[in-house]
file protein09.tsv (TSV, C-alpha atoms and all ligand atoms)
chain	number	residue	atom	x	y	z
A	1	MET	CA	62.94	-4.26	-2.64
A	2	ASN	CA	64.34	-4.58	0.85
A	3	PRO	CA	63.49	-7.60	3.06
A	4	THR	CA	60.84	-5.63	5.00
A	5	THR	CA	58.95	-4.90	1.80
A	6	LEU	CA	59.07	-8.56	0.80
A	7	ASP	CA	57.60	-9.57	4.18
A	8	LEU	CA	54.68	-7.22	3.57
A	9	PHE	CA	53.69	-9.18	0.48
A	10	ALA	CA	54.35	-12.63	1.87
A	11	ASP	CA	50.66	-13.35	2.55
A	12	SER	CA	49.06	-11.68	-0.48
A	13	GLU	CA	47.60	-13.46	-3.49
A	14	PRO	CA	50.20	-13.48	-6.25
A	15	GLU	CA	47.75	-12.25	-8.90
A	16	GLN	CA	46.52	-9.33	-6.75
A	17	GLN	CA	48.76	-6.37	-7.62
A	18	SER	CA	48.28	-4.24	-4.53
A	19	ARG	CA	50.53	-2.19	-2.29
A	20	ARG	CA	49.59	-1.80	1.33
A	21	GLU	CA	50.33	1.49	3.08
A	22	GLN	CA	49.77	1.84	6.81
A	23	ILE	CA	48.26	5.21	7.70
A	24	GLY	CA	47.30	4.52	11.33
A	25	GLU	CA	47.83	1.88	13.98
A	26	GLN	CA	45.00	-0.21	12.45
A	27	SER	CA	44.39	1.65	9.17
A	28	TYR	CA	45.63	0.79	5.71
A	29	VAL	CA	45.39	2.01	2.14
A	30	LEU	CA	45.39	-0.93	-0.28
A	31	ARG	CA	46.54	0.66	-3.53
A	32	GLY	CA	44.76	-0.66	-6.61
A	33	PHE	CA	43.11	-3.50	-4.69
A	34	ALA	CA	39.73	-3.05	-6.43
A	35	LEU	CA	41.10	-2.92	-9.99
A	36	PRO	CA	40.91	-6.66	-10.72
A	37	TRP	CA	37.25	-6.61	-9.55
A	38	LEU	CA	36.17	-3.65	-11.66
A	39	GLU	CA	34.48	-5.48	-14.53
A	40	ARG	CA	32.26	-7.29	-12.02
A	41	LEU	CA	31.74	-4.25	-9.77
A	42	LEU	CA	30.48	-1.76	-12.34
A	43	PRO	CA	27.53	-3.78	-13.70
A	44	ALA	CA	26.51	-4.60	-10.12
A	45	LEU	CA	26.70	-0.89	-9.27
A	46	GLU	CA	24.48	-0.05	-12.27
A	47	ALA	CA	21.87	-2.54	-11.07
A	48	VAL	CA	21.85	-1.10	-7.54
A	49	LEU	CA	21.52	2.46	-8.85
A	50	ALA	CA	18.68	1.51	-11.21
A	51	ALA	CA	16.69	0.40	-8.14
A	52	ALA	CA	17.91	3.12	-5.75
A	53	PRO	CA	19.16	6.19	-7.68
A	54	PHE	CA	21.54	8.74	-6.20
A	55	ARG	CA	19.91	11.57	-4.33
A	56	GLN	CA	21.26	14.48	-2.29
A	57	MET	CA	20.24	14.34	1.34
A	58	VAL	CA	19.66	17.08	3.87
A	59	THR	CA	21.41	17.19	7.24
A	60	PRO	CA	19.55	17.80	10.50
A	61	GLY	CA	20.93	21.34	10.33
A	62	GLY	CA	19.16	21.90	7.00
A	63	PHE	CA	22.19	21.77	4.68
A	64	THR	CA	22.04	19.77	1.45
A	65	MET	CA	25.05	17.44	1.28
A	66	SER	CA	27.23	17.98	-1.79
A	67	ALA	CA	27.79	14.23	-2.25
A	68	ALA	CA	24.81	12.32	-3.65
A	69	MET	CA	24.06	8.99	-1.96
A	70	SER	CA	22.47	5.61	-2.32
A	71	SER	CA	22.76	2.37	-0.35
A	72	CYS	CA	22.52	-1.37	-0.67
A	73	GLY	CA	22.48	-4.19	1.84
A	74	THR	CA	20.15	-4.77	4.78
A	75	TRP	CA	20.73	-1.28	6.14
A	76	GLY	CA	21.06	2.02	4.30
A	77	TRP	CA	22.32	5.23	5.84
A	78	THR	CA	20.06	8.27	5.50
A	79	THR	CA	19.78	11.75	6.88
A	80	ASP	CA	17.02	14.34	6.88
A	81	ARG	CA	15.87	17.20	9.09
A	82	SER	CA	14.97	14.77	11.87
A	83	GLY	CA	18.43	13.15	12.10
A	84	TYR	CA	20.91	10.52	10.87
A	85	ARG	CA	20.02	6.84	10.95
A	86	TYR	CA	20.20	3.46	9.27
A	87	THR	CA	16.94	2.28	7.72
A	88	ARG	CA	15.86	-0.98	6.08
A	89	HIS	CA	13.91	0.93	3.43
A	90	ASP	CA	14.76	3.62	0.93
A	91	PRO	CA	12.82	6.64	2.18
A	92	ARG	CA	12.31	7.82	-1.44
A	93	THR	CA	10.31	4.75	-2.44
A	94	ASP	CA	9.67	2.91	0.82
A	95	ALA	CA	11.09	-0.20	-0.90
A	96	PRO	CA	13.78	-2.25	0.88
A	97	TRP	CA	17.30	-1.18	-0.12
A	98	PRO	CA	18.66	-3.33	-2.98
A	99	GLU	CA	20.51	-6.43	-1.81
A	100	MET	CA	24.26	-6.12	-1.55
A	101	PRO	CA	25.66	-7.70	-4.74
A	102	PRO	CA	27.88	-10.72	-3.93
A	103	VAL	CA	30.85	-9.06	-5.67
A	104	PHE	CA	30.55	-6.06	-3.31
A	105	PHE	CA	30.50	-8.31	-0.25
A	106	GLU	CA	33.38	-10.47	-1.47
A	107	LEU	CA	35.57	-7.47	-2.28
A	108	ALA	CA	34.91	-5.82	1.09
A	109	GLN	CA	35.68	-9.04	2.92
A	110	ALA	CA	38.89	-9.64	0.95
A	111	ALA	CA	40.08	-6.08	1.60
A	112	ALA	CA	39.34	-6.31	5.33
A	113	LEU	CA	41.29	-9.54	5.53
A	114	GLU	CA	44.24	-7.94	3.72
A	115	ALA	CA	44.23	-5.25	6.43
A	116	GLY	CA	44.17	-7.79	9.25
A	117	PHE	CA	40.44	-7.94	9.98
A	118	ALA	CA	39.16	-11.51	9.55
A	119	ASP	CA	35.47	-12.34	9.20
A	120	PHE	CA	34.20	-8.86	8.26
A	121	VAL	CA	30.46	-9.20	7.57
A	122	PRO	CA	29.16	-5.89	6.20
A	123	ASP	CA	25.39	-5.43	6.28
A	124	SER	CA	25.45	-1.94	4.76
A	125	CYS	CA	27.09	-0.29	1.77
A	126	LEU	CA	26.70	3.47	1.43
A	127	ILE	CA	27.48	4.68	-2.09
A	128	ASN	CA	28.66	8.29	-2.36
A	129	ARG	CA	28.91	10.18	-5.66
A	130	TYR	CA	31.08	13.29	-5.83
A	131	ILE	CA	31.21	15.64	-8.78
A	132	PRO	CA	33.99	18.28	-8.93
A	133	GLY	CA	33.57	20.68	-6.00
A	134	ALA	CA	31.73	18.13	-3.82
A	135	LYS	CA	33.28	17.32	-0.45
A	136	MET	CA	32.61	15.71	2.90
A	137	SER	CA	33.29	17.68	6.05
A	138	LEU	CA	35.19	16.20	8.99
A	139	HIS	CA	33.01	13.74	10.91
A	140	GLN	CA	33.07	10.45	12.81
A	141	ASP	CA	31.15	7.35	11.72
A	142	LYS	CA	29.26	6.52	14.88
A	143	ASP	CA	25.72	5.59	13.85
A	144	GLU	CA	26.62	1.89	13.97
A	145	ALA	CA	25.44	-0.30	16.86
A	146	SER	CA	29.00	-1.53	17.53
A	147	TYR	CA	32.45	-0.21	16.64
A	148	ALA	CA	34.04	-3.66	16.75
A	149	ALA	CA	33.95	-4.13	12.96
A	150	PRO	CA	36.21	-2.17	10.61
A	151	ILE	CA	34.99	0.10	7.80
A	152	VAL	CA	36.07	-0.53	4.22
A	153	SER	CA	36.05	2.29	1.67
A	154	VAL	CA	36.46	1.71	-2.09
A	155	SER	CA	37.36	4.68	-4.31
A	156	LEU	CA	36.54	4.77	-8.03
A	157	GLY	CA	36.90	7.47	-10.68
A	158	LEU	CA	38.42	10.89	-10.00
A	159	PRO	CA	41.08	11.11	-7.28
A	160	ALA	CA	40.40	12.61	-3.86
A	161	MET	CA	42.30	13.87	-0.85
A	162	PHE	CA	41.16	12.16	2.36
A	163	LEU	CA	41.55	13.91	5.65
A	164	PHE	CA	42.58	11.39	8.29
A	165	GLY	CA	42.19	13.10	11.62
A	166	GLY	CA	42.38	12.33	15.30
A	167	PHE	CA	39.79	11.64	17.95
A	168	GLU	CA	38.70	15.23	18.42
A	169	ARG	CA	37.54	17.56	15.69
A	170	GLY	CA	40.36	20.03	16.29
A	171	ASP	CA	43.17	17.42	16.11
A	172	LYS	CA	45.62	17.77	13.25
A	173	SER	CA	44.64	15.76	10.14
A	174	GLN	CA	46.97	13.95	7.78
A	175	ARG	CA	46.16	14.17	4.08
A	176	VAL	CA	46.00	10.88	2.20
A	177	PRO	CA	45.51	10.96	-1.58
A	178	VAL	CA	43.29	8.17	-2.94
A	179	PHE	CA	42.95	7.07	-6.54
A	180	HIS	CA	40.73	4.92	-8.73
A	181	GLY	CA	40.80	1.36	-7.36
A	182	ASP	CA	42.25	2.16	-3.94
A	183	ILE	CA	40.67	0.74	-0.80
A	184	VAL	CA	41.00	2.22	2.69
A	185	VAL	CA	40.35	-0.01	5.70
A	186	TRP	CA	40.25	1.32	9.23
A	187	GLY	CA	39.16	-0.28	12.45
A	188	GLY	CA	40.17	-1.14	15.98
A	189	VAL	CA	41.77	1.81	17.70
A	190	ASP	CA	41.34	3.98	14.58
A	191	ARG	CA	37.61	3.26	14.13
A	192	LEU	CA	36.40	6.55	15.61
A	193	ARG	CA	38.89	8.91	13.99
A	194	TYR	CA	37.54	12.07	12.41
A	195	HIS	CA	37.77	12.00	8.63
A	196	GLY	CA	36.59	13.85	5.57
A	197	VAL	CA	37.15	14.49	1.88
A	198	LEU	CA	38.48	17.75	0.40
A	199	PRO	CA	36.58	19.21	-2.58
A	200	ILE	CA	37.08	17.03	-5.65
A	201	LYS	CA	39.10	18.70	-8.41
A	202	GLU	CA	37.89	19.06	-11.99
A	203	GLY	CA	38.85	16.20	-14.25
A	204	GLN	CA	37.72	13.39	-16.50
A	205	HIS	CA	38.30	9.81	-15.50
A	206	PRO	CA	38.67	7.54	-18.55
A	207	ARG	CA	36.26	4.93	-17.16
A	208	LEU	CA	33.96	6.85	-14.76
A	209	GLY	CA	33.91	10.32	-16.36
A	210	GLU	CA	33.62	13.50	-14.30
A	211	GLN	CA	32.88	11.91	-10.91
A	212	ARG	CA	34.23	10.02	-7.95
A	213	ILE	CA	32.27	7.10	-6.53
A	214	ASN	CA	32.99	5.75	-3.07
A	215	PHE	CA	31.56	2.62	-1.47
A	216	THR	CA	31.64	2.55	2.32
A	217	PHE	CA	31.03	-0.91	3.79
A	218	ARG	CA	29.97	-1.17	7.39
A	219	THR	CA	28.51	-3.55	9.91
A	220	ALA	CA	25.65	-1.32	11.01
A	221	GLN	CA	23.81	-3.73	13.33
A	301	LIG	C1	38.15	6.68	8.61
A	301	LIG	N1	32.95	8.72	3.17
A	301	LIG	O1	30.49	8.00	3.94
A	301	LIG	S1	35.44	6.99	3.57
A	301	LIG	C2	31.28	8.35	4.83
A	301	LIG	O2	35.21	8.98	0.57
A	301	LIG	C3	32.63	8.81	4.45
A	301	LIG	O3	33.06	9.05	0.60
A	301	LIG	C4	34.17	9.24	2.65
A	301	LIG	O4	33.36	9.23	5.28
A	301	LIG	C5	34.15	9.06	1.18
A	301	LIG	O5	31.01	8.32	6.04
A	301	LIG	C6	35.41	8.73	3.28
A	301	LIG	C7	37.16	6.66	3.81
A	301	LIG	C8	37.87	7.22	5.00
A	301	LIG	C9	38.78	8.20	4.84
A	301	LIG	C10	39.50	8.65	5.92
A	301	LIG	C11	39.28	8.15	7.19
A	301	LIG	C12	37.66	6.73	6.24
A	301	LIG	C13	38.35	7.18	7.35
A	301	LIG	C14	40.00	8.57	8.30
A	301	LIG	C15	39.78	8.04	9.53
A	301	LIG	C16	38.86	7.09	9.70
A	302	FE	FE	32.65	8.70	7.24
call {"tool": "encode", "arguments": {"input": "protein09.tsv", "output": "structure tokens"}}
result
Amino acid sequence: MNPTTLDLFADSEPEQQSRREQIGEQSYVLRGFALPWLERLLPALEAVLAAAPFRQMVTPGGFTMSAAMSSCGTWGWTTDRSGYRYTRHDPRTDAPWPEMPPVFFELAQAAALEAGFADFVPDSCLINRYIPGAKMSLHQDKDEASYAAPIVSVSLGLPAMFLFGGFERGDKSQRVPVFHGDIVVWGGVDRLRYHGVLPIKEGQHPRLGEQRINFTFRTAQ
């Protein structure tokens, strides 16, 4: 380890085995950050999904998204033929979205802090499920009322290749591999970058099976 590397870890909790990689001016990958939280995260995830199961949504253009989605927190992200929006209720059942489990909130806040964003208060967690072949095309996250807060993304299960683009669709993207337990945080000047996920490759994850699950925490309102 050189002195620069040591400085990088000077502020981190000693028990949190995590490496921080900077991928943009205000964007970081926190390798393995979610791993120590996993045994609390998974039961909480099961409870959310029991109340609001995964479903595949349709875009305004009429395409069925390959990733299946659910949400928890005050606001859930949905799309249908009439557009994209955050809603307080699950349109499948008309029930309020399940509350955000405390362990979700605490993990998102801890990861944001690790990336330099203090006081992150997410009010929305979109949960994406990818099976092999599923992908997410290049897009910007801009349905939120303000872009002041960062976005925190937790990856579980099968690995994925993120596309980390620029501020216009045609800008060159960098490819960032993400693995089980990694967290990506982006905000500030990087908040409106285009991004996407390449098709997930076949595989079996020892804990999650043949899928990738991603939590995307946002301050929607
Ligand atoms: C931000 N989800 O739900 S999040 C979404 O893995 C979404 O399910 C993806 O995009 C997923 O809106 C990716 C992580 C991510 C990756 C690359 C980015 C966020 C990024 C590049 C620039 C800005
Ligand atoms: Fe996105």
call {"tool": "residues_around", "arguments": {"input": "protein09.tsv", "residues": "Ser173 (chain A)", "least_positions_apart": "4", "cutoff": "9 Å", "atoms": "all atoms listed in the file", "output": "number ranges by chain"}}
result
A: 163-166, 194-195
call {"tool": "residues_around", "arguments": {"input": "protein09.tsv", "residues": "region 200-210 of chain A", "least_positions_apart": "5", "cutoff": "7 Å", "atoms": "only C-alpha atoms", "output": "CSV table (one decimal) with C-alpha atoms, in the frame of the given file"}}
result
chain,number,residue,atom,x,y,z
A,131,ILE,CA,31.2,15.6,-8.8
A,132,PRO,CA,34.0,18.3,-8.9
A,133,GLY,CA,33.6,20.7,-6.0
A,134,ALA,CA,31.7,18.1,-3.8
A,135,LYS,CA,33.3,17.3,-0.4
A,157,GLY,CA,36.9,7.5,-10.7
A,158,LEU,CA,38.4,10.9,-10.0
A,160,ALA,CA,40.4,12.6,-3.9
call {"tool": "residues_near_ligand", "arguments": {"input": "protein09.tsv", "ligand": "ligand FE 302 (chain A)", "cutoff": "10 Å", "atoms": "only C-alpha atoms and all ligand atoms", "output": "list in words"}}
result
Leu126, Met136, Ser137, Leu138, His139, Gln140, Asp141, Lys142, Ile151, Ser153, Leu192, Arg193, Tyr194, His195, Gly196, Val197 and Thr216 of chain A
call {"tool": "closest_residue", "arguments": {"input": "protein09.tsv", "among": "A:Ile127, A:Val29, A:Val152, A:Leu35", "to": "Ala52 (chain A)", "atoms": "all atoms listed in the file"}}
result
A:Ile127
call {"tool": "closest_residue", "arguments": {"input": "protein09.tsv", "among": "A:Arg40, A:Arg31, A:His89, A:Arg212", "to": "ligand LIG 301 (chain A)", "atoms": "all atoms listed in the file"}}
result
A:Arg212
call {"tool": "atom_distance", "arguments": {"input": "protein09.tsv", "atom1": "CA of Asp190 (chain A)", "atom2": "CA of Phe117 (chain A)"}}
result
12.8 Å
call {"tool": "residues_around", "arguments": {"input": "protein09.tsv", "residues": "Ala220 (chain A)", "least_positions_apart": "4", "cutoff": "8 Å", "atoms": "only C-alpha atoms", "output": "list in words"}}
result
Trp75, Tyr86, Pro122, Asp123, Ser124, Asp143, Glu144, Ala145 and Ser146 of chain A
call {"tool": "residues_near_point", "arguments": {"input": "protein09.tsv", "point": "(14.5, -0.3, -8.5)", "cutoff": "10 Å", "atoms": "all atoms listed in the file", "output": "ChimeraX atom specification"}}
result
/A:47-53,93,95-98
call {"tool": "closest_residue", "arguments": {"input": "protein09.tsv", "among": "A:Ala118, A:Ala111, A:Val58, A:Ala67", "to": "ligand LIG 301 (chain A)", "atoms": "only C-alpha atoms and all ligand atoms"}}
result
A:Ala67
call {"tool": "atom_distance", "arguments": {"input": "protein09.tsv", "atom1": "CA of Tyr84 (chain A)", "atom2": "atom O1 of ligand LIG 301 (chain A)"}}
result
12.1 Å
call {"tool": "closest_residue", "arguments": {"input": "protein09.tsv", "among": "A:Asp80, A:Glu46, A:Asp171, A:Glu99", "to": "ligand LIG 301 (chain A)", "atoms": "all atoms listed in the file"}}
result
A:Asp171
call {"tool": "closest_residue", "arguments": {"input": "protein09.tsv", "among": "A:Gln174, A:Asn128, A:Gln211, A:Ser71", "to": "ligand LIG 301 (chain A)", "atoms": "all atoms listed in the file"}}
result
A:Asn128
call {"tool": "atom_distance", "arguments": {"input": "protein09.tsv", "atom1": "CA of Arg85 (chain A)", "atom2": "CA of Ser66 (chain A)"}}
result
18.4 Å
